[in-house]
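Structure first, then comments.
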2 protein chains.
Amino acid sequence: MHSATPQASPLTPAIIFENVQAFQRTFALRAAIELDIFRAVGEGSSDVASIARHARASERGTRILCDFLVVSGLLEKVDGQYRHSPTSAAFLDPKSPSCIASIVHFLTLPEIRQSYDNLADVVRNGRTALPGQGTVEPENPVWVEFAQSMAPMMAPVAAPLGGIVLQGRSGPLRVLDIACGHGLFGIEIARQNPQAHVTGLDWAPVLRVALDNAQKAGVHDRYDMLPGSAFEVDFGGPYDVVLLTNFLHHFNVETCVTLLKKVHAALKPGGCAATLEFVPNEDRVSPPLPAAFAMTMLATTEWGDAYTFAELSDMHRRAGFGEATSHPVPMSPHTVVMAKAGE
Amino acid sequence: MHSATPQASPLTPAIIFENVQAFQRTFALRAAIELDIFRAVGEGSSDVASIARHARASERGTRILCDFLVVSGLLEKVDGQYRHSPTSAAFLDPKSPSCIASIVHFLTLPEIRQSYDNLADVVRNGRTALPGQGTVEPENPVWVEFAQSMAPMMAPVAAPLGGIVLQGRSGPLRVLDIACGHGLFGIEIARQNPQAHVTGLDWAPVLRVALDNAQKAGVHDRYDMLPGSAFEVDFGGPYDVVLLTNFLHHFNVETCVTLLKKVHAALKPGGCAATLEFVPNEDRVSPPLPAAFAMTMLATTEWGDAYTFAELSDMHRRAGFGEATSHPVPMSPHTVVMAKAGE
């Protein structure tokens, strides 16, 4: 509440009210993106009338929405004029190369949101209320939307991941990118190493998105596609590097170990597995974003989780790898976990 | 993001990701209340197994939910053990007399949440997507739920409001409580002044909740019921005090002025109107809770708003009242606006 100071102030229920009403923030941001409000502000519209004109929307609705965005920390308002915050300019204005506005499409898909309608039942049963295996049900079309919508969120992570993976490796390199989605991680390695050859593995409709991105990056002549399930297709190989990005969190420990054994078998001696994950601290409640990610896995999968480094490390050990190492990606909620196959 | 510090740090999209995912916080809190997690913690369950047993829920679901509540600031976790924060002990444990957990029922009613499904359309049209007048459609059953669920949130405001209204007034007092809902505001005045006689006005099914509360408070012999619409029924009177609590925000300025004129006509000379409202500052983006409340009015009404004091003051003036005065309620997002009828 506005009068509260961090310490020694009387208790108020403000944080409870804010949590109950938090859903408004999701839908306000989505509406603002749909109405192209952030482009309007970026192009200089700073009053309600001109933003409303740009959005083809009512002035009442525009004014209330824009004020709500300011309260939510997504715009600024100075002397009655709206303007970008540094963050909204960088990440919400569609003219910015780092705009991630498209993530709202995937993260508010009806299939995803439905998972939360009866969250008490999900907690009772310990698994998603979605049919079958939830979002990892074979050929689930949400992954095409994921590949398209979430790529801008992942793009800034690709270069650091590429740097970590390629450190100490040069020359010809065979890379398998498991559940590659948008393909950006494998593509980045192909860009950083002109002798790298990447095989992207995912459902066929998703691979079309990856191939499209490989073409845009000019590396499609070194990009192969391996359509199907990571648990069923023959990986081929052997590979120097296998990427497992945002994938293990969908499964339980035993399934991860089984998959990591298959990965290990597809690696050359001395080759490595590079896993990108949301890795909370051992307390499982920090840092906020990786810790909170476990909720997404509870709501949308049967057994998924945000695994700690100790858990990931143990999975790798059980699959035959050497000691895993942890490489937090700067300015991102992600961590790269690297583990080597025996030489 | 965890590595970010407030100033001079590189930009991250963390706040955008948090806003997109904010709906999870609403449904996590609702699930925790449904599963009686806060009672379990209050009774001493501090590990996943015992909380899960109390909630008759899976350990996986319970652990992920409880960790998520910690990330959301609604529980604490120390050395792997969950415990109440001072705020959750006071406002979420059902054994606490100030528990407000029931507000989640009203604030996440399907009728309310639906209003946000197509918020871009609401902004375009400048009015609720709900049929008719939205939540203020005559006899809308949501107000029975409101009267039942929201009373604990309003209870702490009743005593300060009573104090402000009764200052300088003693002896026999006739009070009209318009759209009284749970009735707590009028009831509190009857408790503070044993010669006060209160008339509660609301839809008949809502008045049953108010009368029930009047009986519990032992003031039902001084409590009358006036069923119907504030815009249609004869107020009777004349009254010394008319309460307008959480009501004007549902309507546009002209409708408020019309109603205030009717209120003015029902007051004795020197009598006063006491309005309880979410009153944002003139910038309309602070304090956070009153400012954000305008979004609820956009989504659920045709013309409602969170009015500034200048606007409320002007409405009263146009209705024939003297200068209005503003009385922020300590530790609450509410403000009492007082205005006197001419003597």
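By order in the structure tokens, chains are A, B, ...; within a chain, residues start at 1; ligands start at 1, following the order shown.
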
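The part of chain A that reaches within 6 Å of chain B is made up of A:His2, A:Asn19, A:Val20, A:Ala22, A:Phe23, A:Arg25, A:Thr26, A:Ala31, A:Ala57, A:Ser58, A:Arg60, A:Gly61, A:Thr62, A:Asp67, A:Phe68, A:Val71, A:Leu119, A:Ala120, A:Val123, A:Arg124, A:Asn125, A:Gly126, A:Val285, A:Pro287, A:Pro288, A:Ala292, counting only C-alpha atoms.
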
Exercise for the section: Pick out the residues sitting within 12 Å of region 247-257 of chain A, and hand them over as a PyMOL selection string; count only C-alpha atoms, and ignore anything fewer than 5 positions along from it in its own chain. Expected result: (chain A and resi 127-128+133-137+143+177-181+201-202+229-231+262-264+274-280+290+293-308+311-321+337) or (chain B and resi 60)

Q.
as a VMD selection string, please: every residue in region 10-232 of chain A that DSSP puts in alpha helix (DSSP H).
A. chain A and resid 14 to 20 23 to 34 37 to 42 48 to 55 59 to 71 86 to 91 103 to 107 110 to 114 119 to 125 142 to 149 151 to 166 184 to 192 204 to 216

Calculated over only C-alpha atoms, which of the candidates B:Arg174, B:Ala310, B:Arg53, B:Ala273 has the smallest distance to Gly322 (chain B)?
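Looking only at the distances to Gly322 (chain B), the closest residue turns out to be B:Ala273.
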
Contacts of Gly237 (chain B) at 8 Å or less, counting only C-alpha atoms, minus same-chain residues fewer than 2 places along, as a count of residues only? 5

**Prompt:** Quick one: DSSP strand (DSSP E) residues in region 199-274 of chain A, as a list in words?
**Reply:** Thr199, Gly200, Leu201, Asp202, Tyr223, Asp224, Met225, Leu226, Pro227, Tyr239, Asp240, Val241, Val242, Leu243, Leu244, Thr245, Leu267, Lys268, Pro269, Gly270, Gly271, Cys272, Ala273 and Ala274 of chain A
